[in-house]
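Asks: This is target-v3.tsv, which holds TSV, C-alpha atoms:
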chain	number	residue	atom	x	y	z
Q	28	MET	CA	115.88	-117.82	169.72
Q	29	ALA	CA	113.75	-120.27	167.84
Q	30	LYS	CA	111.69	-122.40	170.10
Q	31	PRO	CA	112.38	-125.99	169.21
Q	32	SER	CA	109.13	-127.15	170.69
Q	33	LYS	CA	106.98	-124.93	168.54
Q	34	SER	CA	105.21	-126.66	165.73
Q	35	ARG	CA	105.04	-125.21	162.25
Q	36	SER	CA	101.84	-123.33	161.71
Q	37	ILE	CA	99.77	-124.08	158.68
Q	38	GLU	CA	97.97	-121.34	156.84
Q	39	SER	CA	94.43	-122.18	155.92
Q	40	GLY	CA	93.63	-122.55	152.23
Q	41	ASP	CA	91.34	-119.64	151.62
Q	42	GLY	CA	91.65	-116.68	153.90
Q	43	HIS	CA	89.14	-114.26	155.27
Q	44	TRP	CA	88.09	-111.43	152.97
Q	45	ILE	CA	89.95	-108.96	155.18
Q	46	GLU	CA	93.17	-110.81	154.43
Q	47	TRP	CA	92.50	-110.55	150.73
Q	48	LEU	CA	91.56	-106.88	151.00
Q	49	THR	CA	94.73	-106.04	152.96
Q	50	GLY	CA	96.73	-108.18	150.57
Q	51	SER	CA	95.34	-106.47	147.49
Q	52	VAL	CA	95.90	-102.99	148.90
Q	53	SER	CA	99.48	-103.92	149.82
Q	54	ALA	CA	100.09	-105.47	146.40
Q	55	ILE	CA	98.87	-102.30	144.70
Q	56	ALA	CA	101.03	-100.18	147.01
Q	57	VAL	CA	104.13	-102.26	146.34
Q	58	ILE	CA	103.51	-102.22	142.58
Q	59	ALA	CA	102.99	-98.45	142.73
Q	60	LEU	CA	106.25	-98.12	144.67
Q	61	ILE	CA	108.19	-100.16	142.12
Q	62	GLY	CA	106.46	-98.26	139.32
Q	63	TRP	CA	107.38	-94.89	140.80
Q	64	VAL	CA	111.02	-95.78	141.40
Q	65	GLY	CA	111.12	-97.38	137.94
Q	66	PHE	CA	109.76	-94.20	136.38
Q	67	GLU	CA	112.41	-92.19	138.20
Q	68	ALA	CA	115.07	-94.64	137.06
Q	69	ALA	CA	113.99	-94.25	133.44
Q	70	THR	CA	113.77	-90.48	133.48
Q	71	GLN	CA	116.75	-89.57	135.68
Q	72	SER	CA	119.61	-87.80	133.97
Q	73	ASP	CA	123.22	-88.51	134.81
Q	74	GLY	CA	124.32	-84.89	135.17
Q	75	ALA	CA	126.52	-83.57	137.94
Q	76	PRO	CA	124.97	-82.01	141.06
Q	77	ASP	CA	123.65	-78.52	140.40
Q	78	LEU	CA	124.09	-76.43	143.53
Q	79	SER	CA	122.72	-73.00	144.29
Q	80	VAL	CA	122.76	-71.00	147.51
Q	81	LYS	CA	119.84	-68.92	148.70
Q	82	THR	CA	120.15	-66.63	151.71
Q	83	ILE	CA	117.27	-66.98	154.14
Q	84	SER	CA	117.97	-64.50	156.88
Q	85	SER	CA	120.66	-62.33	158.33
Q	86	ALA	CA	120.75	-61.27	161.93
Q	87	SER	CA	123.15	-59.58	164.27
Q	88	ARG	CA	124.38	-61.78	167.10
Q	89	ASP	CA	126.76	-61.45	169.98
Q	90	GLY	CA	130.17	-61.26	168.40
Q	91	GLY	CA	129.03	-61.51	164.83
Q	92	TYR	CA	126.37	-61.65	162.15
Q	93	LEU	CA	124.57	-64.92	161.53
Q	94	VAL	CA	123.51	-65.56	157.95
Q	95	MET	CA	121.24	-68.55	157.37
Q	96	PHE	CA	121.07	-70.05	153.90
Q	97	ASP	CA	119.72	-73.00	151.95
Q	98	VAL	CA	121.84	-74.97	149.53
Q	99	GLU	CA	119.63	-76.44	146.84
Q	100	ASN	CA	120.55	-79.25	144.53
Q	101	ALA	CA	118.49	-79.22	141.33
Q	102	ALA	CA	120.14	-82.26	139.74
Q	103	ASP	CA	119.38	-85.98	139.97
Q	104	ARG	CA	122.58	-86.71	141.83
Q	105	THR	CA	123.48	-86.20	145.46
Q	106	ALA	CA	126.45	-84.04	146.41
Q	107	ALA	CA	128.53	-84.86	149.48
Q	108	ASP	CA	131.05	-82.77	151.43
Q	109	VAL	CA	129.74	-79.57	149.90
Q	110	VAL	CA	132.02	-76.67	150.76
Q	111	VAL	CA	130.20	-73.35	151.01
Q	112	ARG	CA	132.15	-70.11	151.30
Q	113	GLY	CA	130.94	-66.71	152.36
Q	114	GLU	CA	132.85	-63.58	151.50
Q	115	ILE	CA	132.51	-59.95	152.44
Q	116	THR	CA	134.04	-57.59	149.94
Q	117	ALA	CA	134.87	-53.92	150.12
Q	118	GLY	CA	135.53	-52.66	146.62
Q	119	ASN	CA	137.88	-55.14	145.04
Q	120	THR	CA	139.33	-56.58	148.20
Q	121	VAL	CA	137.94	-59.45	150.22
Q	122	VAL	CA	137.57	-58.33	153.81
Q	123	GLU	CA	136.47	-61.58	155.40
Q	124	THR	CA	136.06	-65.22	154.37
Q	125	VAL	CA	134.13	-67.86	156.27
Q	126	GLU	CA	133.61	-71.45	155.23
Q	127	ILE	CA	131.49	-74.45	156.11
Q	128	THR	CA	131.31	-78.04	154.86
Q	129	LEU	CA	127.90	-79.69	154.55
Q	130	ASP	CA	127.76	-83.48	154.76
Q	131	TYR	CA	125.14	-83.96	152.06
Q	132	VAL	CA	122.90	-82.06	149.71
Q	133	PRO	CA	120.63	-84.82	148.33
Q	134	MET	CA	119.11	-84.65	144.87
Q	135	HIS	CA	116.24	-82.17	144.44
Q	136	SER	CA	116.58	-81.35	148.12
Q	137	ARG	CA	117.85	-78.53	150.24
Q	138	THR	CA	120.10	-78.39	153.26
Q	139	ARG	CA	120.01	-75.46	155.65
Q	140	ALA	CA	123.10	-74.09	157.34
Q	141	GLY	CA	124.50	-70.87	158.77
Q	142	LEU	CA	127.67	-68.81	158.50
Q	143	ILE	CA	128.88	-66.37	161.09
Q	144	PHE	CA	130.59	-63.19	159.89
Q	145	ARG	CA	132.38	-60.76	162.13
Q	146	ASN	CA	131.78	-57.80	159.83
Q	147	GLU	CA	128.39	-56.46	158.81
Q	148	PRO	CA	127.47	-58.53	155.73
Q	149	ALA	CA	124.49	-56.50	154.50
Q	150	GLY	CA	124.81	-55.60	150.85
Q	151	ARG	CA	128.43	-56.65	150.40
Q	152	SER	CA	128.48	-60.38	151.03
Q	153	ARG	CA	128.19	-63.33	148.75
Q	154	ILE	CA	127.76	-67.01	149.60
Q	155	PHE	CA	128.53	-69.73	147.10
Q	156	ALA	CA	129.41	-73.42	146.88
Q	157	THR	CA	133.02	-74.08	145.96
Q	158	GLY	CA	133.07	-77.84	145.59
Q	159	PHE	CA	131.65	-81.24	146.44
Q	160	SER	CA	132.40	-84.94	146.14
Q	161	GLU	CA	130.20	-87.83	145.11
Q	162	PRO	CA	128.91	-89.81	148.08
E	62	MET	CA	110.68	-123.77	187.03
E	63	ALA	CA	107.86	-126.21	186.50
E	64	ILE	CA	107.29	-126.49	190.21
E	65	GLU	CA	107.29	-122.77	190.69
E	66	GLN	CA	104.60	-122.34	188.13
E	67	THR	CA	102.16	-124.30	190.23
E	68	HIS	CA	102.33	-121.62	192.88
E	69	VAL	CA	99.29	-119.48	192.95
E	70	ASN	CA	100.58	-116.99	195.49
E	71	PHE	CA	103.10	-114.30	194.76
E	72	ASP	CA	106.54	-115.76	194.27
E	73	HIS	CA	109.37	-113.35	195.03
E	74	SER	CA	112.19	-115.31	193.41
E	75	ARG	CA	110.13	-115.78	190.27
E	76	PHE	CA	109.32	-112.10	190.13
E	77	SER	CA	112.92	-110.98	190.60
E	78	LYS	CA	114.03	-113.55	188.04
E	79	GLY	CA	111.57	-111.97	185.65
E	80	LEU	CA	112.98	-108.52	186.31
E	81	ALA	CA	116.53	-109.78	185.78
E	82	ARG	CA	115.47	-111.37	182.51
E	83	GLY	CA	113.88	-108.12	181.46
E	84	LEU	CA	117.10	-106.23	182.14
E	85	ALA	CA	119.08	-108.88	180.30
E	86	GLY	CA	116.72	-108.60	177.36
E	87	ALA	CA	117.01	-104.82	177.33
E	88	LEU	CA	120.80	-105.09	177.26
E	89	LEU	CA	120.85	-107.85	174.69
E	90	PHE	CA	118.52	-106.15	172.25
E	91	ALA	CA	119.41	-102.50	172.74
E	92	LEU	CA	123.18	-102.74	173.16
E	93	PRO	CA	123.88	-102.03	169.47
E	94	MET	CA	121.90	-98.80	169.85
E	95	PHE	CA	123.57	-97.87	173.14
E	96	LEU	CA	126.87	-98.08	171.29
E	97	THR	CA	125.77	-96.02	168.29
E	98	MET	CA	127.10	-92.49	168.17
E	99	GLU	CA	124.19	-91.18	166.12
E	100	MET	CA	121.79	-92.23	168.86
E	101	TRP	CA	123.64	-90.15	171.45
E	102	GLU	CA	123.57	-87.14	169.16
E	103	LEU	CA	119.94	-87.68	168.29
E	104	GLY	CA	119.11	-87.47	171.98
E	105	LEU	CA	120.44	-83.93	171.91
E	106	TYR	CA	118.85	-82.54	168.79
E	107	ILE	CA	115.76	-84.65	168.11
E	108	ASP	CA	112.63	-82.57	167.80
E	109	ARG	CA	110.92	-82.94	171.18
E	110	SER	CA	107.47	-83.43	169.66
E	111	ARG	CA	108.77	-86.35	167.58
E	112	LEU	CA	110.43	-87.81	170.65
E	113	LEU	CA	107.18	-87.45	172.57
E	114	LEU	CA	105.26	-89.17	169.77
E	115	LEU	CA	107.78	-92.02	169.78
E	116	LEU	CA	107.47	-92.41	173.54
E	117	LEU	CA	103.67	-92.37	173.33
E	118	VAL	CA	103.51	-94.84	170.43
E	119	ASN	CA	105.68	-97.17	172.48
E	120	ILE	CA	102.98	-97.51	175.16
E	121	PRO	CA	100.26	-99.30	173.14
E	122	LEU	CA	103.01	-101.22	171.36
E	123	LEU	CA	104.33	-102.61	174.65
E	124	ILE	CA	100.85	-103.37	175.95
E	125	LEU	CA	99.86	-105.27	172.80
E	126	LEU	CA	103.19	-107.05	172.83
E	127	ALA	CA	102.80	-108.00	176.48
E	128	ARG	CA	99.31	-109.25	175.77
E	129	ARG	CA	100.59	-111.42	172.97
E	130	ILE	CA	103.91	-112.79	174.14
E	131	GLY	CA	103.97	-111.79	177.80
E	132	PHE	CA	106.27	-113.38	180.31
E	133	GLU	CA	103.60	-115.14	182.21
E	134	ASN	CA	100.37	-116.48	180.89
E	135	ILE	CA	98.74	-113.12	180.57
E	136	SER	CA	95.03	-113.30	180.39
E	137	THR	CA	93.82	-109.79	181.10
E	138	TRP	CA	94.59	-106.34	179.77
E	139	HIS	CA	95.24	-105.31	183.34
E	140	GLU	CA	98.20	-107.68	183.51
E	141	ALA	CA	99.39	-106.63	180.09
E	142	VAL	CA	99.47	-102.99	181.19
E	143	ARG	CA	101.38	-103.98	184.32
E	144	ASP	CA	103.96	-105.93	182.34
E	145	ALA	CA	104.31	-103.16	179.78
E	146	SER	CA	104.94	-100.59	182.52
E	147	ILE	CA	107.59	-102.78	184.10
E	148	ALA	CA	109.27	-103.30	180.74
E	149	TYR	CA	109.20	-99.56	180.04
E	150	PHE	CA	110.80	-98.86	183.39
E	151	LEU	CA	113.42	-101.59	182.91
E	152	GLY	CA	114.24	-100.06	179.54
E	153	LEU	CA	114.67	-96.67	181.18
E	154	LEU	CA	116.86	-98.15	183.87
E	155	ALA	CA	119.00	-100.07	181.39
E	156	SER	CA	119.60	-97.08	179.13
E	157	ALA	CA	120.39	-94.75	182.03
E	158	PHE	CA	122.78	-97.32	183.46
E	159	VAL	CA	124.58	-98.24	180.24
E	160	LEU	CA	124.90	-94.66	179.01
E	161	SER	CA	126.38	-93.63	182.38
E	162	ALA	CA	128.67	-96.65	182.47
E	163	LEU	CA	129.98	-95.84	179.00
E	164	GLY	CA	130.71	-92.28	180.03
E	165	VAL	CA	128.39	-90.94	177.35
E	166	LEU	CA	126.21	-89.47	180.03
E	167	SER	CA	127.85	-87.54	182.81
E	168	VAL	CA	126.80	-85.31	185.66
E	169	GLY	CA	127.94	-82.36	183.58
E	170	HIS	CA	125.11	-82.77	181.13
E	171	ALA	CA	122.16	-80.44	181.37
E	172	LEU	CA	118.94	-82.18	182.34
E	173	PRO	CA	117.13	-81.78	178.98
E	174	GLU	CA	120.11	-83.27	177.12
E	175	ALA	CA	120.43	-86.20	179.48
E	176	ALA	CA	116.67	-86.80	179.45
E	177	GLY	CA	116.62	-86.80	175.65
E	178	MET	CA	119.53	-89.20	175.39
E	179	ILE	CA	118.00	-91.62	177.87
E	180	ALA	CA	114.46	-91.31	176.50
E	181	ILE	CA	115.34	-92.15	172.92
E	182	GLN	CA	117.24	-95.26	174.01
E	183	THR	CA	114.46	-96.31	176.33
E	184	VAL	CA	112.16	-97.28	173.45
E	185	PRO	CA	114.27	-100.09	171.96
E	186	ALA	CA	115.43	-101.11	175.44
E	187	SER	CA	111.86	-101.47	176.69
E	188	ILE	CA	110.89	-103.62	173.70
E	189	GLY	CA	114.00	-105.68	174.45
E	190	ALA	CA	113.01	-105.97	178.09
E	191	LEU	CA	109.59	-107.28	177.16
E	192	LEU	CA	110.96	-109.72	174.61
E	193	GLY	CA	113.68	-110.77	177.03
E	194	ARG	CA	111.19	-111.61	179.73
E	195	SER	CA	109.34	-113.96	177.44
E	196	GLU	CA	111.98	-115.24	175.02
E	197	LEU	CA	114.82	-115.76	177.48
E	198	GLY	CA	112.46	-117.21	180.03
E	199	GLY	CA	110.54	-119.38	177.63
E	200	ARG	CA	113.43	-121.63	176.78
E	201	ASP	CA	113.83	-123.60	179.94
E	202	ASP	CA	110.16	-124.03	180.57
E	203	ASP	CA	109.17	-127.62	180.14
E	204	ASP	CA	105.54	-126.89	179.68
E	205	GLU	CA	106.14	-124.05	177.31
E	206	ASP	CA	103.63	-125.25	174.77
E	207	ALA	CA	100.93	-124.94	177.34
E	208	GLN	CA	101.62	-121.27	177.84
E	209	ASP	CA	102.62	-120.35	174.33
E	210	PRO	CA	100.03	-117.77	173.41
E	211	LEU	CA	100.45	-118.66	169.74
E	212	ASP	CA	98.49	-121.80	170.45
E	213	ASP	CA	95.62	-119.66	171.45
E	214	ASP	CA	93.53	-119.27	168.33
E	215	ALA	CA	91.97	-116.04	169.48
E	216	GLN	CA	95.34	-114.29	169.60
E	217	SER	CA	97.10	-115.63	166.56
E	218	GLY	CA	94.75	-114.05	164.10
E	219	TYR	CA	95.61	-112.11	161.00
E	220	GLY	CA	95.91	-108.80	162.86
E	221	GLY	CA	98.22	-110.42	165.39
E	222	GLU	CA	100.38	-111.75	162.62
E	223	LEU	CA	100.73	-108.28	161.08
E	224	PHE	CA	101.42	-106.80	164.51
E	225	MET	CA	104.23	-109.26	165.14
E	226	MET	CA	105.69	-108.37	161.77
E	227	ALA	CA	105.55	-104.70	162.75
E	228	VAL	CA	107.40	-105.46	165.98
E	229	GLY	CA	110.05	-107.46	164.13
E	230	ALA	CA	110.44	-104.69	161.57
E	231	LEU	CA	110.71	-102.07	164.30
E	232	PHE	CA	113.24	-104.15	166.08
E	233	LEU	CA	115.76	-104.65	163.32
E	234	GLY	CA	114.87	-101.32	161.72
E	235	LEU	CA	115.46	-99.27	164.87
E	236	ASN	CA	118.93	-100.71	165.20
E	237	VAL	CA	120.11	-99.31	161.90
E	238	ALA	CA	117.73	-96.40	161.28
E	239	PRO	CA	119.79	-93.79	163.18
E	240	THR	CA	123.03	-94.61	161.38
E	241	GLU	CA	124.26	-92.41	158.59
E	242	GLU	CA	124.79	-95.46	156.40
E	243	MET	CA	121.07	-95.67	155.65
E	244	ILE	CA	120.98	-92.37	153.81
E	245	LEU	CA	124.52	-92.76	152.48
E	246	ILE	CA	123.59	-96.05	150.79
E	247	SER	CA	120.51	-94.47	149.27
E	248	PHE	CA	122.68	-91.65	147.90
E	249	LYS	CA	125.11	-94.11	146.41
E	250	MET	CA	122.63	-96.38	144.71
E	251	SER	CA	120.66	-95.75	141.57
E	252	ALA	CA	116.91	-96.18	141.21
E	253	TRP	CA	117.54	-99.55	139.55
E	254	HIS	CA	119.35	-100.69	142.67
E	255	ALA	CA	116.32	-99.62	144.68
E	256	ILE	CA	113.97	-101.72	142.55
E	257	ALA	CA	116.26	-104.73	142.89
E	258	LEU	CA	116.36	-104.16	146.66
E	259	ILE	CA	112.56	-104.01	146.92
E	260	ILE	CA	112.17	-107.26	145.02
E	261	SER	CA	114.89	-109.06	146.94
E	262	SER	CA	113.41	-107.89	150.25
E	263	ILE	CA	110.06	-109.41	149.31
E	264	VAL	CA	111.61	-112.64	147.99
E	265	LEU	CA	113.76	-113.01	151.12
E	266	MET	CA	110.78	-112.34	153.37
E	267	HIS	CA	108.74	-114.98	151.62
E	268	GLY	CA	111.62	-117.46	151.60
E	269	PHE	CA	112.33	-116.95	155.29
E	270	VAL	CA	108.85	-117.91	156.30
E	271	TYR	CA	107.73	-120.46	153.73
E	272	ALA	CA	110.61	-121.96	151.79
E	273	LEU	CA	113.32	-122.50	154.40
E	274	SER	CA	112.32	-125.07	156.94
E	275	PHE	CA	113.10	-123.14	160.08
E	276	SER	CA	111.30	-124.28	163.15
E	277	GLY	CA	108.33	-122.02	163.67
E	278	GLY	CA	108.05	-121.56	159.93
E	279	HIS	CA	104.74	-121.59	158.15
E	280	GLU	CA	103.37	-124.04	155.67
E	281	LEU	CA	100.54	-123.71	153.26
E	282	GLU	CA	97.62	-126.04	153.28
E	283	GLU	CA	97.80	-128.68	150.55
E	284	GLY	CA	96.75	-127.41	147.17
E	285	THR	CA	97.02	-123.71	147.95
E	286	PRO	CA	98.94	-121.80	145.28
E	287	VAL	CA	102.12	-120.03	146.44
E	288	TRP	CA	100.86	-116.62	145.40
E	289	HIS	CA	98.04	-116.87	147.96
E	290	ALA	CA	100.49	-116.55	150.84
E	291	LEU	CA	102.43	-113.91	148.93
E	292	ILE	CA	99.37	-111.69	148.61
E	293	ARG	CA	97.89	-112.42	152.01
E	294	PHE	CA	101.01	-112.30	154.18
E	295	THR	CA	104.27	-111.34	152.51
E	296	LEU	CA	103.16	-108.22	150.65
E	297	PRO	CA	101.22	-106.77	153.62
E	298	GLY	CA	104.30	-107.63	155.70
E	299	TYR	CA	106.49	-105.64	153.34
E	300	ALA	CA	104.02	-102.76	153.39
E	301	VAL	CA	104.17	-102.80	157.21
E	302	ALA	CA	107.98	-102.93	157.17
E	303	PHE	CA	108.09	-100.04	154.69
E	304	ALA	CA	105.73	-97.92	156.79
E	305	ILE	CA	107.73	-98.64	159.96
E	306	SER	CA	110.95	-97.75	158.17
E	307	PHE	CA	109.49	-94.49	156.96
E	308	TYR	CA	108.35	-93.65	160.48
E	309	CYS	CA	111.79	-94.45	161.96
E	310	LEU	CA	113.62	-92.31	159.41
E	311	TRP	CA	111.20	-89.44	159.90
E	312	THR	CA	111.55	-89.66	163.68
E	313	PHE	CA	115.35	-89.58	163.40
E	314	HIS	CA	115.31	-86.50	161.14
E	315	ARG	CA	116.72	-88.39	158.20
E	316	LEU	CA	114.02	-87.18	155.80
E	317	ASP	CA	114.09	-83.48	156.66
E	318	GLY	CA	114.28	-81.28	153.57
E	319	ILE	CA	114.58	-84.33	151.36
E	320	GLU	CA	112.60	-84.72	148.17
E	321	LEU	CA	110.04	-87.54	147.95
E	322	THR	CA	111.93	-89.85	145.59
E	323	GLN	CA	115.09	-89.63	147.67
E	324	ALA	CA	113.06	-90.19	150.84
E	325	ILE	CA	111.51	-93.28	149.24
E	326	MET	CA	114.97	-94.56	148.29
E	327	SER	CA	116.22	-94.16	151.87
E	328	THR	CA	113.11	-95.92	153.13
E	329	VAL	CA	113.68	-98.77	150.67
E	330	VAL	CA	117.18	-99.22	152.10
E	331	LEU	CA	115.89	-99.36	155.67
E	332	ALA	CA	112.95	-101.55	154.62
E	333	PHE	CA	115.45	-104.26	153.68
E	334	PRO	CA	116.54	-105.06	157.26
E	335	SER	CA	113.03	-104.25	158.49
E	336	ALA	CA	111.50	-106.79	156.11
E	337	ILE	CA	113.87	-109.47	157.29
E	338	GLY	CA	113.07	-108.52	160.87
E	339	ALA	CA	109.37	-108.81	160.07
E	340	ALA	CA	109.83	-112.24	158.55
E	341	ALA	CA	112.00	-113.39	161.46
E	342	ALA	CA	109.36	-112.22	163.93
E	343	ARG	CA	106.85	-114.59	162.33
E	344	LEU	CA	109.25	-117.45	163.02
E	345	ILE	CA	110.52	-116.50	166.44
E	346	LEU	CA	107.78	-114.75	168.35
Is it possible to give me this structure as structure tokens?
Replies:
Amino acid sequence: MAKPSKSRSIESGDGHWIEWLTGSVSAIAVIALIGWVGFEAATQSDGAPDLSVKTISSASRDGGYLVMFDVENAADRTAADVVVRGEITAGNTVVETVEITLDYVPMHSRTRAGLIFRNEPAGRSRIFATGFSEP
Amino acid sequence: MAIEQTHVNFDHSRFSKGLARGLAGALLFALPMFLTMEMWELGLYIDRSRLLLLLLVNIPLLILLARRIGFENISTWHEAVRDASIAYFLGLLASAFVLSALGVLSVGHALPEAAGMIAIQTVPASIGALLGRSELGGRDDDDEDAQDPLDDDAQSGYGGELFMMAVGALFLGLNVAPTEEMILISFKMSAWHAIALIISSIVLMHGFVYALSFSGGHELEEGTPVWHALIRFTLPGYAVAFAISFYCLWTFHRLDGIELTQAIMSTVVLAFPSAIGAAAARLIL
């Protein structure tokens, strides 16, 4: 799309003070950016993803009970294809199992999702992550 | 073409040619996005206030763009607004048409879904329409130099330069921002990769504009040190590209629930194509 007829523009030797101000602010911002990522690079640990599930809410819906939860990853590595399973137990037997796969749970971040049980989950359910892969 | 331009009165063939060019530009520039699955899905679930903000931000963007590189020799804001509206509408038309033609959009869709899918595609398509009207049309004009707004000192100022970089960044950035690859890459790479990517983005940006002798490239006045242009143009350009990338990712819900460092890493990934887009805009537009 280059226009062959267009001449090359020539930047003047010393720019306006606004150019220098903008330039300096940008330079500081870029250096701060590199510094921040560099700091993270130096301090990050290589441990495996550390996943925990926290239930947010539980509500009765048509045809089931919706349980919303957050999966949190406390480690410095991202987990992919995180499988989360919810179980309802009665005594020693598992009455119902539901499962969901989350695409990603990034490092130090949380991903929200929901599971739908057919039995009342209050007081006898547990939700936990069963596995993940590296992205 | 040269003869037509001497006409002072309204010229129907010229006007319809302009519209056709706008449509062609919308198709040319937005087709990658029309064919991206994530964009269809985004139309369904994107937060409506973010979509509204995107649609509103697009208005001044198109007007400024029309003012700067408009199809005809635009001299007033009035004309710029007119051209921007036409481009917006052409973008809307193009996205509605292509999405229907591809079968992505069907009569079975509820109105809010369909509206969302069309609206989100309208933004890149309208920028494409505006660029198409000027860039596609500009080539066969013999007296192009006479109407090239870049020759107008008043419009090629520092702010204009940064604005063009923003448009270039938006352009290339929007094409890849909705894809899952942007976040996937940032998950795969380490912080060291991110630093290397930042530095190479800046070096490439600088090289694109100053070192490689593309036509439309920029040269420094004799005796000016290289770092002058780096501070005055390339670094602000990168900052603009980074900000645009951050905005795109936020708009497309790619940063939701994500911690700051990870969000910065994703933005660094997207800033790479955006920075090259910004540099290319300085050469092309």
Asks: Excluding Q:Arg145 and any residue of its chain fewer than 2 positions from it, enumerate the residues within 9 Å of it, using only C-alpha atoms, and give them as an MDAnalysis selection string.
Replies: chainID Q and resid 90:93 123 143 147:148
Asks: Take the selection from the previous step and output its residues with C-alpha atoms, as a CSV table (one decimal), in the frame of the given file.
Replies:
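Full text of part.csv as output:
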chain,number,residue,atom,x,y,z
Q,90,GLY,CA,130.2,-61.3,168.4
Q,91,GLY,CA,129.0,-61.5,164.8
Q,92,TYR,CA,126.4,-61.6,162.2
Q,93,LEU,CA,124.6,-64.9,161.5
Q,123,GLU,CA,136.5,-61.6,155.4
Q,143,ILE,CA,128.9,-66.4,161.1
Q,147,GLU,CA,128.4,-56.5,158.8
Q,148,PRO,CA,127.5,-58.5,155.7
Asks: So which one's closest to E:Ser262, Q:Glu46, Q:Arg153, Q:Gly62, Q:Val57? Using all atoms listed in the file, please.
Replies: Q:Val57
Asks: Taking 3 positions as the minimum chain separation for residues in the same chain, which residues sit within 10 Å of Q:Met95 when counting only C-alpha atoms? Answer as an MDAnalysis selection string.
Replies: chainID Q and resid 81:86 92 139:143
Asks: Residues within 8 Å of E:Leu191, please, as JSON, numbers by chain. Count all atoms listed in the file; anything in the same chain fewer than 6 positions from it doesn't count.
Replies: {"E": [83, 86, 87, 123, 126, 127, 131, 132, 144, 145, 148]}
Asks: Rank nothing, just name the residue among E:Arg293, E:Arg143, E:Arg315, E:His170 nearest to chain Q, using all atoms listed in the file.
Replies: E:Arg293
Asks: Taking into account all atoms listed in the file, which residue in the set Q:Ala59, Q:Val110, Q:Met134, Q:Val64 is nearest to Q:Ile154?
Replies: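 Using all atoms listed in the file, Q:Ile154 sits closest to Q:Val110.
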Asks: Which one of E:Pro239, E:Gly152, E:Gly234, E:Gly104 sits closest to E:Leu316 if you count all atoms listed in the file?
Replies: E:Pro239
Asks: By how many Å are atom CA of E:Asn119 and atom CA of E:Ala91 apart?
Replies: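 About the pair atom CA of E:Asn119 and atom CA of E:Ala91: they are 14.7 Å apart.
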Asks: Which residues come within 12 Å of E:Ser251, counting only C-alpha atoms, excluding same-chain residues fewer than 2 positions away, as an NGL selection string?
Replies: (:Q and (64-65 or 67-73 or 103-105 or 134)) or (:E and (245-249 or 253-258 or 322-323 or 326-327 or 329-330))
Asks: Those residues with C-alpha atoms, as a PDB file, keeping the file's coordinate frame please?
Replies:
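Result file is out_34.pdb:
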ATOM      1  CA  VAL Q  64     111.020 -95.780 141.400  1.00  0.00           C
ATOM      2  CA  GLY Q  65     111.120 -97.380 137.940  1.00  0.00           C
ATOM      3  CA  GLU Q  67     112.410 -92.190 138.200  1.00  0.00           C
ATOM      4  CA  ALA Q  68     115.070 -94.640 137.060  1.00  0.00           C
ATOM      5  CA  ALA Q  69     113.990 -94.250 133.440  1.00  0.00           C
ATOM      6  CA  THR Q  70     113.770 -90.480 133.480  1.00  0.00           C
ATOM      7  CA  GLN Q  71     116.750 -89.570 135.680  1.00  0.00           C
ATOM      8  CA  SER Q  72     119.610 -87.800 133.970  1.00  0.00           C
ATOM      9  CA  ASP Q  73     123.220 -88.510 134.810  1.00  0.00           C
ATOM     10  CA  ASP Q 103     119.380 -85.980 139.970  1.00  0.00           C
ATOM     11  CA  ARG Q 104     122.580 -86.710 141.830  1.00  0.00           C
ATOM     12  CA  THR Q 105     123.480 -86.200 145.460  1.00  0.00           C
ATOM     13  CA  MET Q 134     119.110 -84.650 144.870  1.00  0.00           C
TER      14      MET Q 134
ATOM     15  CA  LEU E 245     124.520 -92.760 152.480  1.00  0.00           C
ATOM     16  CA  ILE E 246     123.590 -96.050 150.790  1.00  0.00           C
ATOM     17  CA  SER E 247     120.510 -94.470 149.270  1.00  0.00           C
ATOM     18  CA  PHE E 248     122.680 -91.650 147.900  1.00  0.00           C
ATOM     19  CA  LYS E 249     125.110 -94.110 146.410  1.00  0.00           C
ATOM     20  CA  TRP E 253     117.540 -99.550 139.550  1.00  0.00           C
ATOM     21  CA  HIS E 254     119.350-100.690 142.670  1.00  0.00           C
ATOM     22  CA  ALA E 255     116.320 -99.620 144.680  1.00  0.00           C
ATOM     23  CA  ILE E 256     113.970-101.720 142.550  1.00  0.00           C
ATOM     24  CA  ALA E 257     116.260-104.730 142.890  1.00  0.00           C
ATOM     25  CA  LEU E 258     116.360-104.160 146.660  1.00  0.00           C
ATOM     26  CA  THR E 322     111.930 -89.850 145.590  1.00  0.00           C
ATOM     27  CA  GLN E 323     115.090 -89.630 147.670  1.00  0.00           C
ATOM     28  CA  MET E 326     114.970 -94.560 148.290  1.00  0.00           C
ATOM     29  CA  SER E 327     116.220 -94.160 151.870  1.00  0.00           C
ATOM     30  CA  VAL E 329     113.680 -98.770 150.670  1.00  0.00           C
ATOM     31  CA  VAL E 330     117.180 -99.220 152.100  1.00  0.00           C
TER      32      VAL E 330
END
Asks: Could you tell me which of Q:Gly42, Q:Arg137, Q:Ala106, Q:Ser53 comes closest to E:Ala302 if we count all atoms listed in the file?
Replies: Q:Ser53
Asks: For a test of reading the model, state the distance in Å between atom CA of E:Met178 and atom CA of E:Leu105, rounded to one decimal.
Replies: 6.4 Å
Asks: To one decimal in Å, tell me the separation between atom CA of E:Ala342 and atom CA of E:Thr285.
Replies: 23.2 Å
Asks: Using all atoms listed in the file, can you list as a PyMOL selection string the residues within 10 Å of (120.0, -95.5, 177.2)?
Replies: chain E and resi 87-88+91-92+94-96+100-101+104+152-161+165-166+175-186
Asks: Could you check which of E:Tyr106, E:Phe303, E:Phe71, E:Trp311 is closest to chain Q, using only C-alpha atoms?
Replies: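 Looking at the shortest contact to chain Q, the residue is E:Phe303.
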